[in-house]
Structures are given as C-alpha cells and as structure tokens.
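Chemist: Got a structure for you, questions after.
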Amino acid sequence: MLGQSIRYLLVAVVLWLTPLSAFAQYKNSAFGLGVGAWSINQPSLLDSDGHVHPIDSRPLRVNRALRFSFDSSFKMNDDHWWLNTGAAVGLLRFSPQGGDALEEAFDKEANKALGTLMGIEASLGLRNYFLTDRMRPYLQASLYFLRILTFTDRAGMACEQGALCETDRTNLDNFLPHPNVGAVHLQPGFEWIFTRDIGLNLFIDFQRWLIINADDNNALVFGIGINLYT
C-alpha cells in the first residue's frame, strides 16, 4: 500500500513538473506592455560666460516623465536571441531643480508655456536572454527615435522673457529647441515566467539622447511590464 502511494506521488510530481520544464519551449513571438518612471538629466543651460545658450546649441531641459511602452519580439535562430521592435508614449515635464537662478527661471517659464509634453518613441533592438528557463535575465541594445510634442496655445506665441529667450522666436523654439531626438538604449532586465506563456518583466533602461549641436541628455527608466508569448 505504501509502495503504491509512493508511485502515485511520484506520478503527481512528474505531472506537476512537466509544464514547468515546458516553459522553456517558447513560441516564436511575444508582445509586452510596460510602465516606468523616467528620469532625465538636465545639461547646463548656460555657456562659459554665464549666458543662456543660443537656440541652436541650447540643450533639452525636460527632466521628469512617466512612460508607457509596447513592444513585439520575434525569436531568431536561437532561443537566446530575439529581435525587438517597440513604441512608447511618455508624459514629460520641465521640473525646476534649484541651482542656478537663471536655469530655474527658464524651467519654470518653460513649464508654464509648454505644459506637459508628449513624447512618442519608436525603437528597434536586439535582446539576448542569458538563461531561457523560467528565470530569464537578459540584456537588450536598441536604437530609438523620440518625437516630443506640445499642445498648449502659448507654444506658438513669441517668447516675452528677454533674459531667457530670443524674443523674435516662439516659446516652442526657445524652450523645446530639439523636438526630434535620436537615442541609444541599453536595457538590462529580468523576466520571470510565472505561468505558461506569461512573464513578469523588470527592467532598467539606460538611455543616451543624441542631439546635434547641443549637449546630450542621459536618461534612466525604472520599469515593470508583462510579456505574453503568442
């Protein structure tokens, strides 16, 4: 009787473990949804003489955002390598951080004139999973294009703050001189397949915004998401 019970127990254990081992046999595509807090550094607004940079060389001063992302992944010839394409929408703001009085005044006026901005991203990247079982640490490298938009009525008005602006140009020109941004991203992450074909994704996204004629921005996203294998 005891021997028969042990056999039943072993069969039950095998049946329970079988789906777990099958988690590694993934389908060939997946899509993911994510949300993250987006922190962006603020390059100095001032030149070596303490004056505000002219528009062409003026850096972007947006520095806080919330980002919502969607991506699709396609398995390549090896389970470890996946091609990733994605899109994201971010809500960005100018948030004064103290420091130089002129920079703080610039950020306050930019926030007043342009309000909350919308950033729309498109990406193409390559992801490598170091392990392909239930616990799946990975590293992804991507190229991004970011378009920043504003919808306030004041954006198209002439800037009236002579100490901060070129008054013959609009608020949009002065406070958002580079609305189109290219970027390179490096994203370490960890995916946990907690049930068949569904994974919880935790990631940190390191970003370098590439801006012509002005100082680049460094940005960081702390995010969480869900990946669904289809």
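Following the order of the structure tokens, chains are lettered A, B, ..., residues in each are numbered from 1, and ligands are numbered from 1.
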Range 73-124 of chain A near range 164-185 of chain A within 12 Å: what's each residue's closest atom pair and its distance in Å to one decimal, counting only C-alpha atoms, ordered by chain then ascending residue number, as CSV?
Modeler:
residue,atom,partner,partner_atom,distance
A:Leu92,CA,A:Leu176,CA,11.8
A:Arg93,CA,A:Leu176,CA,11.3
A:Phe94,CA,A:Phe175,CA,9.5
A:Ala101,CA,A:Leu164,CA,11.1
A:Leu102,CA,A:Leu164,CA,7.5
A:Glu103,CA,A:Leu164,CA,8.6
A:Glu104,CA,A:Leu164,CA,10.5
A:Ala105,CA,A:Leu164,CA,7.9
A:Phe106,CA,A:Leu164,CA,6.1
A:Asp107,CA,A:Phe175,CA,8.3
A:Lys108,CA,A:Phe175,CA,10.5
A:Glu109,CA,A:Phe175,CA,8.5
A:Ala110,CA,A:Phe175,CA,5.6
A:Asn111,CA,A:Phe175,CA,8.8
A:Lys112,CA,A:Asn171,CA,10.1
A:Ala113,CA,A:Asn171,CA,6.6
A:Leu114,CA,A:Leu172,CA,7.2
A:Gly115,CA,A:Phe175,CA,10.9
A:Leu117,CA,A:Leu176,CA,9.9
A:Met118,CA,A:Pro179,CA,10.4
A:Gly119,CA,A:Pro179,CA,8.9
A:Ile120,CA,A:Asn180,CA,9.9
A:Glu121,CA,A:Val181,CA,9.3
A:Ala122,CA,A:Gly182,CA,9.9
A:Ser123,CA,A:His185,CA,9.2
A:Leu124,CA,A:His185,CA,9.9
Chemist: Limited to C-alpha atoms, could you put the picked residues into a file as a CSV table (one decimal), in the first residue's frame?
Modeler:
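Resulting contents of again-v3.csv:
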chain,number,residue,atom,x,y,z
A,92,LEU,CA,7.3,64.8,-19.8
A,93,ARG,CA,7.6,67.9,-17.8
A,94,PHE,CA,10.1,70.7,-17.0
A,101,ALA,CA,18.6,81.1,-10.7
A,102,LEU,CA,18.6,81.7,-14.4
A,103,GLU,CA,18.1,78.0,-15.1
A,104,GLU,CA,15.4,77.7,-12.5
A,105,ALA,CA,13.6,80.6,-14.0
A,106,PHE,CA,13.9,79.1,-17.5
A,107,ASP,CA,12.5,75.7,-16.3
A,108,LYS,CA,9.5,77.5,-14.6
A,109,GLU,CA,8.7,79.5,-17.7
A,110,ALA,CA,9.1,76.5,-20.0
A,111,ASN,CA,6.7,74.6,-17.8
A,112,LYS,CA,4.2,77.5,-17.9
A,113,ALA,CA,4.4,78.0,-21.6
A,114,LEU,CA,4.5,74.4,-22.8
A,115,GLY,CA,2.9,72.4,-20.0
A,117,LEU,CA,4.7,67.3,-23.2
A,118,MET,CA,4.0,64.1,-25.0
A,119,GLY,CA,7.0,62.0,-26.2
A,120,ILE,CA,6.4,59.3,-28.8
A,121,GLU,CA,9.2,56.8,-29.2
A,122,ALA,CA,9.9,54.1,-31.8
A,123,SER,CA,12.6,51.5,-31.4
A,124,LEU,CA,14.5,48.6,-33.0
Chemist: Applying 7 Å and only C-alpha atoms, which residues near range 60-77 of chain A remain after dropping the ones on its own chain fewer than 3 positions away? List them as a PyMOL selection string.
Modeler: chain A and resi 28-43+81-95+176+178
Chemist: Please, what distance in Å, to one decimal, runs between CA of Ile193 in chain A and CA of Pro137 in chain A?
Modeler: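 About the pair CA of Ile193 in chain A and CA of Pro137 in chain A: they are 11.1 Å apart.
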Chemist: What does the distance between CA of Thr150 in chain A and CA of Asp47 in chain A come to in Å, to one decimal place?
Modeler: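 Computing it gives 26.4 Å between the two atoms.
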Chemist: DSSP on the backbone: what in range 45-203 of chain A comes out alpha helix (DSSP H), as JSON, numbers by chain?
Modeler: {"A": [101, 102, 103, 104, 105, 106, 107, 108, 109, 110, 111, 112, 113, 114, 171, 172, 173, 174, 175]}
Chemist: Please report the interatomic distance between CA of Thr132 in chain A and CA of Asp79 in chain A in Å with one decimal.
Modeler: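 We find that CA of Thr132 in chain A and CA of Asp79 in chain A lie 7.0 Å from each other.
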Chemist: Tell me which of A:Ala158, A:Leu200, A:Ala163, A:Leu46 sits closest to Gly225 in chain A, counting only C-alpha atoms.
Modeler: A:Leu200
Chemist: Pick from A:Thr195, A:Gly98, A:Ser142, A:Thr152: nearest to Thr116 in chain A, with only C-alpha atoms counted?
Modeler: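 With only C-alpha atoms as the atom set, the closest residue is A:Thr152.
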